[in-house]
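Written out below as structure tokens is the structure these notes cover.
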Amino acid sequence: MWALLVLIGVASVSAHLQDLSFDGQKVFRVIPQNDEQVEILNFLASIMEVDFWQPDSVTLVRPKMQVDFRVEAEKTFKVEDLLKESGMEYQVLIDNLQAALDAQFDSQARTASHSYVKYNNWNTIADWTADIAAQNPDLVSRSVIGNTYEGRPMYLLKLGKSGANKKAIFMDCGFHAREWISPAFCQWFVKEAVETYGKDSVMTTLLNKLDFYVLPVVNIDGYVYTWTNDRMWRKTRSKNAGTTCIGTDPNRNFDAGWCTLGASDYACSSTYCGSAPESEKETKALADFIREHLSTIKAYLTIHSYSQLLLFPYSYTYNLPSNYQELNSIAKAASKELASLYNTEYTYGPGATTIYPAAGGSDDWAYDQGIKYSFTFELRDTGRYGFLLPESQIKPTCEETFLAVKYIANYVLEHLY
């Protein structure tokens, strides 16, 4: 059905997504100046449903912090009145969310098949994982590391020339369903690795000497749901006992300071930590795979959006990791590499202080497993489009991010442990 929709064109894609219309919804940005204004935002969230984009929960809002949030169409006037009354300065980042949603699909590559410069739905990505492995048998193999809550296979691609005792780098995309630019990057990375092998000396060396495990979409059920029902969905799609609220935040579901700072034990919250660490089939499959390959995996990279950040542990505590200086200098150099192409500025540092505290994240968990090079990317942009980054930005976003990932991979290869 999707192939047909894509053929018919953009209008149909957006019409299909209008099962749940975002017409008239707005995304606001405020910077509360003091505790009183923070309280006003808490009050706002208590009287109506507010979807926090940045930070991802009202509980994380602090004075002087930039806060982006989405509001239902019929509530926008009420919100503007409340902000004006309180004297809180605000700007409207996105005036009509439905229009922004339609405008995402601005790629010229309107094809029914897979494309690296447009957003692909899950079936297209799944088919692509089989195709890329079949077309590059010397470099790519595909396996299944588990099944999602709704029973979809979780495909993992392994990139690299076969060799004995090779160390590896693990990279995943698509933890949060609505962050579409993330899976787009994993696909781009695989394409780029395969196409430049034998031509680019750095990439050739990397694939000869290292393996890359790439999980193109972690939260497949959620991703599918963003294409069929609710473009703004974030969590998994698992049922929670004793409530009608669906899903867990997979990036709060790891056993790393689980359900403490910046995670919620309320099932309806967008940062719900789950009933227990690894309660989600998706996080369990990922964690099991990494545990089984701990002797070989030397770096862990997880790709999110948005904010243009390169983060490293910790997020669940303000304590610094033991190799803080090294991680900081890698992040600094990788950010510089990234900026060399389009001057895109990234901020880097430990998660808790650079963005906000968040417990139960995969990067902290991987680091605590002994993987000392553990990084989280928050890709473009800084809020103009937020989670609705237009397809025309996929290529530049992926090109620049690829430079940073390549830098980190090369560093890891030169500092194996």
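Identifiers in the structure tokens: chain A, B, ... in order shown; residue index from 1 per chain; ligand index from 1 in order shown.
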
Using 8 Å as the limit and counting only C-alpha atoms, can you tabulate each residue of segment 315-356 of chain A that touches segment 295-309 of chain A, with its shortest atom-to-atom distance in Å and the two atoms involved, as JSON lines?
```
{"residue": "A:Glu345", "atom": "CA", "partner": "A:Gln308", "partner_atom": "CA", "distance": 6.9}
{"residue": "A:Tyr346", "atom": "CA", "partner": "A:Gln308", "partner_atom": "CA", "distance": 4.8}
{"residue": "A:Thr347", "atom": "CA", "partner": "A:Leu309", "partner_atom": "CA", "distance": 4.8}
{"residue": "A:Tyr348", "atom": "CA", "partner": "A:Leu309", "partner_atom": "CA", "distance": 5.6}
```

| request: Mind checking which residues fall within 8 Å of Leu320 of chain A, counting only C-alpha atoms, ignoring those fewer than 6 positions away in the same chain, and posting them as a VMD selection string? | output: chain A and resid 313 to 314 350

| message | I need the residue nearest Ile220 of chain A from this list: A:Trp180, A:Phe254, A:Phe189, A:Tyr90. Use only C-alpha atoms for the distance. | response | A:Trp180

| said: Counting only C-alpha atoms, which residue out of A:Gln54, A:Thr244, A:Asn165, A:Gln37 sits closest to Thr382 of chain A? | reply: A:Gln54

| Selection near Ile40 of chain A, 12 Å with only C-alpha atoms, sequence-local residues under 2 positions removed, as a PyMOL selection string | chain A and resi 30-38+42-47+58+61-63+79+82-88

Those same residues - C-alpha atoms - I'd like them written as a PDB file, in the first residue's frame.
```
ATOM      1  CA  VAL A  30      10.049  29.741  25.896  1.00  0.00           C
ATOM      2  CA  ILE A  31      12.985  30.414  28.186  1.00  0.00           C
ATOM      3  CA  PRO A  32      11.675  30.609  31.763  1.00  0.00           C
ATOM      4  CA  GLN A  33      13.758  33.158  33.647  1.00  0.00           C
ATOM      5  CA  ASN A  34      13.085  32.027  37.222  1.00  0.00           C
ATOM      6  CA  ASP A  35      11.481  29.357  39.387  1.00  0.00           C
ATOM      7  CA  GLU A  36       8.142  31.136  39.209  1.00  0.00           C
ATOM      8  CA  GLN A  37       8.051  30.863  35.427  1.00  0.00           C
ATOM      9  CA  VAL A  38       9.104  27.213  35.651  1.00  0.00           C
ATOM     10  CA  ASN A  42       4.342  22.956  35.323  1.00  0.00           C
ATOM     11  CA  PHE A  43       0.881  24.383  35.872  1.00  0.00           C
ATOM     12  CA  LEU A  44       0.293  24.478  32.127  1.00  0.00           C
ATOM     13  CA  ALA A  45       1.279  20.822  31.803  1.00  0.00           C
ATOM     14  CA  SER A  46      -1.052  19.906  34.659  1.00  0.00           C
ATOM     15  CA  ILE A  47      -4.168  21.498  33.133  1.00  0.00           C
ATOM     16  CA  VAL A  58       8.251  19.221  32.163  1.00  0.00           C
ATOM     17  CA  VAL A  61      12.578  22.285  33.003  1.00  0.00           C
ATOM     18  CA  ARG A  62      14.909  24.687  34.833  1.00  0.00           C
ATOM     19  CA  PRO A  63      15.322  28.484  34.768  1.00  0.00           C
ATOM     20  CA  VAL A  79      -1.459  29.020  26.171  1.00  0.00           C
ATOM     21  CA  LEU A  82      -1.140  32.399  29.971  1.00  0.00           C
ATOM     22  CA  LEU A  83       2.389  33.113  28.693  1.00  0.00           C
ATOM     23  CA  LYS A  84       1.565  36.782  28.074  1.00  0.00           C
ATOM     24  CA  GLU A  85      -0.031  37.158  31.514  1.00  0.00           C
ATOM     25  CA  SER A  86       3.016  35.675  33.197  1.00  0.00           C
ATOM     26  CA  GLY A  87       5.319  37.989  31.264  1.00  0.00           C
ATOM     27  CA  MET A  88       7.175  34.993  29.835  1.00  0.00           C
TER      28      MET A  88
END
```

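Comparing the minimum interatomic distances between Ala168 of chain A and each of A:Phe52, A:Tyr411, A:Tyr356, A:Tyr213, counting only C-alpha atoms, we find that A:Tyr213 sits nearest.
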
| said: Residues near segment 128-134 of chain A, anyone? I mean within 8 Å using only C-alpha atoms, not counting same-chain ones fewer than 6 positions away, as a PyMOL selection string. | reply: chain A and resi 114+140-142+155+157

Suppose we keep all heavy atoms; can you now write the selection as a PDB file, in the first residue's frame?
```
ATOM      1  N   HIS A 114      13.130   2.286  -2.322  1.00  0.00           N
ATOM      2  CA  HIS A 114      13.964   2.872  -1.278  1.00  0.00           C
ATOM      3  C   HIS A 114      14.779   4.041  -1.825  1.00  0.00           C
ATOM      4  O   HIS A 114      15.268   4.003  -2.948  1.00  0.00           O
ATOM      5  CB  HIS A 114      14.912   1.791  -0.741  1.00  0.00           C
ATOM      6  CG  HIS A 114      15.816   2.279   0.336  1.00  0.00           C
ATOM      7  ND1 HIS A 114      17.037   2.865   0.087  1.00  0.00           N
ATOM      8  CD2 HIS A 114      15.665   2.295   1.685  1.00  0.00           C
ATOM      9  CE1 HIS A 114      17.595   3.203   1.238  1.00  0.00           C
ATOM     10  NE2 HIS A 114      16.788   2.876   2.214  1.00  0.00           N
ATOM     11  N   VAL A 140      28.623  -7.111   3.719  1.00  0.00           N
ATOM     12  CA  VAL A 140      27.438  -6.931   4.560  1.00  0.00           C
ATOM     13  C   VAL A 140      26.708  -8.249   4.796  1.00  0.00           C
ATOM     14  O   VAL A 140      26.491  -9.016   3.856  1.00  0.00           O
ATOM     15  CB  VAL A 140      26.434  -5.930   3.906  1.00  0.00           C
ATOM     16  CG1 VAL A 140      25.270  -5.641   4.859  1.00  0.00           C
ATOM     17  CG2 VAL A 140      27.126  -4.632   3.507  1.00  0.00           C
ATOM     18  N   SER A 141      26.350  -8.498   6.039  1.00  0.00           N
ATOM     19  CA  SER A 141      25.477  -9.649   6.328  1.00  0.00           C
ATOM     20  C   SER A 141      24.352  -9.172   7.247  1.00  0.00           C
ATOM     21  O   SER A 141      24.503  -8.198   7.976  1.00  0.00           O
ATOM     22  CB  SER A 141      26.257 -10.788   6.980  1.00  0.00           C
ATOM     23  OG  SER A 141      26.804 -10.358   8.210  1.00  0.00           O
ATOM     24  N   ARG A 142      23.230  -9.882   7.172  1.00  0.00           N
ATOM     25  CA  ARG A 142      22.058  -9.475   7.954  1.00  0.00           C
ATOM     26  C   ARG A 142      21.648 -10.589   8.900  1.00  0.00           C
ATOM     27  O   ARG A 142      21.667 -11.764   8.528  1.00  0.00           O
ATOM     28  CB  ARG A 142      20.895  -9.149   7.009  1.00  0.00           C
ATOM     29  CG  ARG A 142      19.633  -8.694   7.724  1.00  0.00           C
ATOM     30  CD  ARG A 142      18.502  -8.364   6.750  1.00  0.00           C
ATOM     31  NE  ARG A 142      17.730  -9.535   6.375  1.00  0.00           N
ATOM     32  CZ  ARG A 142      16.450  -9.509   5.994  1.00  0.00           C
ATOM     33  NH1 ARG A 142      15.809  -8.349   5.912  1.00  0.00           N
ATOM     34  NH2 ARG A 142      15.815 -10.609   5.668  1.00  0.00           N
ATOM     35  N   TYR A 155      16.162  -6.384  12.477  1.00  0.00           N
ATOM     36  CA  TYR A 155      17.287  -6.698  11.594  1.00  0.00           C
ATOM     37  C   TYR A 155      18.536  -5.926  11.990  1.00  0.00           C
ATOM     38  O   TYR A 155      18.484  -4.721  12.231  1.00  0.00           O
ATOM     39  CB  TYR A 155      16.930  -6.353  10.142  1.00  0.00           C
ATOM     40  CG  TYR A 155      15.822  -7.204   9.582  1.00  0.00           C
ATOM     41  CD1 TYR A 155      14.627  -6.622   9.149  1.00  0.00           C
ATOM     42  CD2 TYR A 155      15.961  -8.593   9.489  1.00  0.00           C
ATOM     43  CE1 TYR A 155      13.601  -7.400   8.631  1.00  0.00           C
ATOM     44  CE2 TYR A 155      14.940  -9.375   8.976  1.00  0.00           C
ATOM     45  CZ  TYR A 155      13.757  -8.773   8.546  1.00  0.00           C
ATOM     46  OH  TYR A 155      12.738  -9.547   8.040  1.00  0.00           O
ATOM     47  N   LEU A 157      22.530  -5.264  10.682  1.00  0.00           N
ATOM     48  CA  LEU A 157      23.499  -5.420   9.603  1.00  0.00           C
ATOM     49  C   LEU A 157      24.907  -5.435  10.188  1.00  0.00           C
ATOM     50  O   LEU A 157      25.221  -4.655  11.077  1.00  0.00           O
ATOM     51  CB  LEU A 157      23.372  -4.277   8.590  1.00  0.00           C
ATOM     52  CG  LEU A 157      22.053  -4.221   7.810  1.00  0.00           C
ATOM     53  CD1 LEU A 157      22.005  -2.969   6.944  1.00  0.00           C
ATOM     54  CD2 LEU A 157      21.856  -5.468   6.955  1.00  0.00           C
TER      55      LEU A 157
END
```

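In this structure, atom CA of Asn323 of chain A sits 28.2 Å away from atom CA of Asp249 of chain A.
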
| remark: Using only C-alpha atoms, the residue out of A:Leu338, A:Leu210, A:Met154, A:Ile125 with shortest distance to Ile169 of chain A is A:Leu210

Report as a Markdown table the residues of segment 181-277 of chain A within 12 Å of segment 400-410 of chain A, each with its shortest atom pair and distance in Å (one decimal), using only C-alpha atoms, ordered by chain and increasing residue number.
```
| residue | atom | partner | partner_atom | distance |
| --- | --- | --- | --- | --- |
| A:Ile181 | CA | A:Thr401 | CA | 11.3 |
| A:Ser182 | CA | A:Thr401 | CA | 10.6 |
| A:Ala184 | CA | A:Thr401 | CA | 11.3 |
| A:Phe185 | CA | A:Thr401 | CA | 8.0 |
| A:Cys186 | CA | A:Phe402 | CA | 9.6 |
| A:Gln187 | CA | A:Phe402 | CA | 11.1 |
| A:Trp188 | CA | A:Phe402 | CA | 8.3 |
| A:Phe189 | CA | A:Phe402 | CA | 6.5 |
| A:Val190 | CA | A:Phe402 | CA | 10.1 |
| A:Lys191 | CA | A:Phe402 | CA | 10.9 |
| A:Glu192 | CA | A:Phe402 | CA | 8.3 |
| A:Ala193 | CA | A:Phe402 | CA | 9.5 |
| A:Asp200 | CA | A:Lys406 | CA | 11.3 |
| A:Ser201 | CA | A:Asn410 | CA | 11.3 |
| A:Val202 | CA | A:Asn410 | CA | 7.6 |
| A:Met203 | CA | A:Lys406 | CA | 7.6 |
| A:Thr204 | CA | A:Asn410 | CA | 11.0 |
| A:Thr205 | CA | A:Asn410 | CA | 8.8 |
| A:Leu206 | CA | A:Asn410 | CA | 6.8 |
| A:Leu207 | CA | A:Ala409 | CA | 10.1 |
| A:Asn208 | CA | A:Asn410 | CA | 11.9 |
| A:Lys209 | CA | A:Asn410 | CA | 10.2 |
| A:Leu210 | CA | A:Ala409 | CA | 8.7 |
| A:Asp211 | CA | A:Ala409 | CA | 10.2 |
| A:Phe212 | CA | A:Ala409 | CA | 9.3 |
```

Those residues with N, CA, C and O atoms, as an mmCIF file, in the first residue's frame please?
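Saved the output as again_29.cif:
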```cif
data_model
loop_
_atom_site.group_PDB
_atom_site.id
_atom_site.type_symbol
_atom_site.label_atom_id
_atom_site.label_comp_id
_atom_site.auth_asym_id
_atom_site.auth_seq_id
_atom_site.Cartn_x
_atom_site.Cartn_y
_atom_site.Cartn_z
ATOM 1 N N ILE A 181 14.931 11.374 11.198
ATOM 2 C CA ILE A 181 16.255 11.601 10.604
ATOM 3 C C ILE A 181 17.266 10.558 11.110
ATOM 4 O O ILE A 181 18.245 10.260 10.444
ATOM 5 N N SER A 182 16.974 9.977 12.283
ATOM 6 C CA SER A 182 17.898 8.997 12.859
ATOM 7 C C SER A 182 18.021 7.718 12.005
ATOM 8 O O SER A 182 19.122 7.384 11.554
ATOM 9 N N ALA A 184 17.293 7.402 8.992
ATOM 10 C CA ALA A 184 17.823 7.843 7.690
ATOM 11 C C ALA A 184 19.346 7.834 7.727
ATOM 12 O O ALA A 184 20.005 7.467 6.745
ATOM 13 N N PHE A 185 19.922 8.224 8.892
ATOM 14 C CA PHE A 185 21.385 8.232 8.976
ATOM 15 C C PHE A 185 21.971 6.818 8.958
ATOM 16 O O PHE A 185 22.976 6.575 8.304
ATOM 17 N N CYS A 186 21.368 5.888 9.684
ATOM 18 C CA CYS A 186 21.898 4.516 9.677
ATOM 19 C C CYS A 186 21.925 3.941 8.259
ATOM 20 O O CYS A 186 22.876 3.275 7.865
ATOM 21 N N GLN A 187 20.872 4.218 7.491
ATOM 22 C CA GLN A 187 20.842 3.740 6.109
ATOM 23 C C GLN A 187 21.953 4.399 5.293
ATOM 24 O O GLN A 187 22.648 3.746 4.515
ATOM 25 N N TRP A 188 22.102 5.699 5.473
ATOM 26 C CA TRP A 188 23.126 6.452 4.745
ATOM 27 C C TRP A 188 24.524 5.923 5.091
ATOM 28 O O TRP A 188 25.370 5.768 4.210
ATOM 29 N N PHE A 189 24.750 5.656 6.364
ATOM 30 C CA PHE A 189 26.055 5.168 6.797
ATOM 31 C C PHE A 189 26.432 3.875 6.083
ATOM 32 O O PHE A 189 27.549 3.705 5.602
ATOM 33 N N VAL A 190 25.470 2.952 6.012
ATOM 34 C CA VAL A 190 25.718 1.663 5.358
ATOM 35 C C VAL A 190 26.030 1.869 3.875
ATOM 36 O O VAL A 190 26.998 1.318 3.338
ATOM 37 N N LYS A 191 25.228 2.688 3.210
ATOM 38 C CA LYS A 191 25.436 3.008 1.792
ATOM 39 C C LYS A 191 26.835 3.569 1.562
ATOM 40 O O LYS A 191 27.575 3.129 0.686
ATOM 41 N N GLU A 192 27.176 4.542 2.395
ATOM 42 C CA GLU A 192 28.452 5.245 2.248
ATOM 43 C C GLU A 192 29.632 4.300 2.483
ATOM 44 O O GLU A 192 30.629 4.331 1.751
ATOM 45 N N ALA A 193 29.514 3.447 3.487
ATOM 46 C CA ALA A 193 30.584 2.482 3.799
ATOM 47 C C ALA A 193 30.811 1.545 2.617
ATOM 48 O O ALA A 193 31.951 1.307 2.192
ATOM 49 N N ASP A 200 37.980 5.068 -0.668
ATOM 50 C CA ASP A 200 38.411 5.960 0.402
ATOM 51 C C ASP A 200 39.318 5.158 1.334
ATOM 52 O O ASP A 200 38.914 4.124 1.880
ATOM 53 N N SER A 201 40.555 5.635 1.506
ATOM 54 C CA SER A 201 41.532 4.827 2.250
ATOM 55 C C SER A 201 41.138 4.626 3.718
ATOM 56 O O SER A 201 41.309 3.534 4.268
ATOM 57 N N VAL A 202 40.566 5.656 4.341
ATOM 58 C CA VAL A 202 40.177 5.531 5.752
ATOM 59 C C VAL A 202 39.056 4.513 5.912
ATOM 60 O O VAL A 202 39.122 3.601 6.751
ATOM 61 N N MET A 203 38.027 4.635 5.077
ATOM 62 C CA MET A 203 36.892 3.708 5.167
ATOM 63 C C MET A 203 37.321 2.278 4.850
ATOM 64 O O MET A 203 36.856 1.323 5.473
ATOM 65 N N THR A 204 38.203 2.148 3.886
ATOM 66 C CA THR A 204 38.690 0.814 3.509
ATOM 67 C C THR A 204 39.426 0.165 4.681
ATOM 68 O O THR A 204 39.168 -0.997 5.026
ATOM 69 N N THR A 205 40.299 0.941 5.319
ATOM 70 C CA THR A 205 41.025 0.433 6.487
ATOM 71 C C THR A 205 40.066 0.070 7.614
ATOM 72 O O THR A 205 40.198 -0.977 8.251
ATOM 73 N N LEU A 206 39.091 0.948 7.854
ATOM 74 C CA LEU A 206 38.122 0.691 8.926
ATOM 75 C C LEU A 206 37.374 -0.625 8.698
ATOM 76 O O LEU A 206 37.234 -1.436 9.617
ATOM 77 N N LEU A 207 36.912 -0.854 7.476
ATOM 78 C CA LEU A 207 36.151 -2.072 7.197
ATOM 79 C C LEU A 207 37.038 -3.316 7.131
ATOM 80 O O LEU A 207 36.577 -4.430 7.375
ATOM 81 N N ASN A 208 38.305 -3.113 6.818
ATOM 82 C CA ASN A 208 39.245 -4.249 6.833
ATOM 83 C C ASN A 208 39.572 -4.663 8.254
ATOM 84 O O ASN A 208 39.750 -5.847 8.541
ATOM 85 N N LYS A 209 39.644 -3.681 9.146
ATOM 86 C CA LYS A 209 40.146 -3.964 10.491
ATOM 87 C C LYS A 209 39.087 -4.008 11.584
ATOM 88 O O LYS A 209 39.333 -4.505 12.677
ATOM 89 N N LEU A 210 37.911 -3.449 11.285
ATOM 90 C CA LEU A 210 36.827 -3.427 12.275
ATOM 91 C C LEU A 210 35.542 -3.952 11.652
ATOM 92 O O LEU A 210 35.369 -3.919 10.438
ATOM 93 N N ASP A 211 34.630 -4.397 12.503
ATOM 94 C CA ASP A 211 33.267 -4.684 12.057
ATOM 95 C C ASP A 211 32.363 -3.584 12.604
ATOM 96 O O ASP A 211 32.602 -3.055 13.696
ATOM 97 N N PHE A 212 31.335 -3.253 11.851
ATOM 98 C CA PHE A 212 30.311 -2.312 12.323
ATOM 99 C C PHE A 212 28.993 -3.063 12.409
ATOM 100 O O PHE A 212 28.548 -3.648 11.418
#
```

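Excluding segment 176-178 of chain A itself and same-chain residues fewer than 3 positions from it, the residues having an atom within 6 Å of it are Gly222, Tyr223, Met232, Trp233 and Arg234 of chain A, counting only C-alpha atoms.
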
Create the file for the chosen residues now, containing C-alpha atoms and written as an mmCIF file, in the first residue's frame.
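In the end it all went to result_20.cif:
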```cif
data_model
loop_
_atom_site.group_PDB
_atom_site.id
_atom_site.type_symbol
_atom_site.label_atom_id
_atom_site.label_comp_id
_atom_site.auth_asym_id
_atom_site.auth_seq_id
_atom_site.Cartn_x
_atom_site.Cartn_y
_atom_site.Cartn_z
ATOM 1 C CA GLY A 222 6.709 2.960 17.271
ATOM 2 C CA TYR A 223 8.222 3.952 13.926
ATOM 3 C CA MET A 232 4.454 12.527 16.994
ATOM 4 C CA TRP A 233 4.577 9.143 18.746
ATOM 5 C CA ARG A 234 7.777 8.576 20.744
#
```

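The shortest atom-to-atom distance to Pro250 of chain A, with only C-alpha atoms taken into account, belongs to A:Thr283 out of A:Thr283, A:Thr397, A:Ser115, A:Ser107.
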
Could you pull the residues within 8 Å of Arg231 of chain A, counting only C-alpha atoms, minus those fewer than 4 positions along the same chain, as a PDB file with N, CA and C atoms, in the first residue's frame?
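around-v1.pdb was written with the following content:
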```pdb
ATOM      1  N   LEU A  17      -1.627  10.457   6.870  1.00  0.00           N
ATOM      2  CA  LEU A  17      -1.226  10.786   8.239  1.00  0.00           C
ATOM      3  C   LEU A  17      -2.284  11.633   8.945  1.00  0.00           C
ATOM      4  N   ARG A 178       9.509   9.160  16.593  1.00  0.00           N
ATOM      5  CA  ARG A 178       9.276  10.338  15.750  1.00  0.00           C
ATOM      6  C   ARG A 178      10.552  10.976  15.210  1.00  0.00           C
ATOM      7  N   TYR A 225       4.032   3.146  13.720  1.00  0.00           N
ATOM      8  CA  TYR A 225       2.891   3.912  14.230  1.00  0.00           C
ATOM      9  C   TYR A 225       2.963   5.387  13.806  1.00  0.00           C
ATOM     10  N   THR A 226       4.196   5.930  13.707  1.00  0.00           N
ATOM     11  CA  THR A 226       4.340   7.332  13.277  1.00  0.00           C
ATOM     12  C   THR A 226       3.984   7.498  11.806  1.00  0.00           C
ATOM     13  N   TRP A 227       4.031   6.406  11.047  1.00  0.00           N
ATOM     14  CA  TRP A 227       3.666   6.470   9.630  1.00  0.00           C
ATOM     15  C   TRP A 227       2.177   6.241   9.404  1.00  0.00           C
TER      16      TRP A 227
END
```
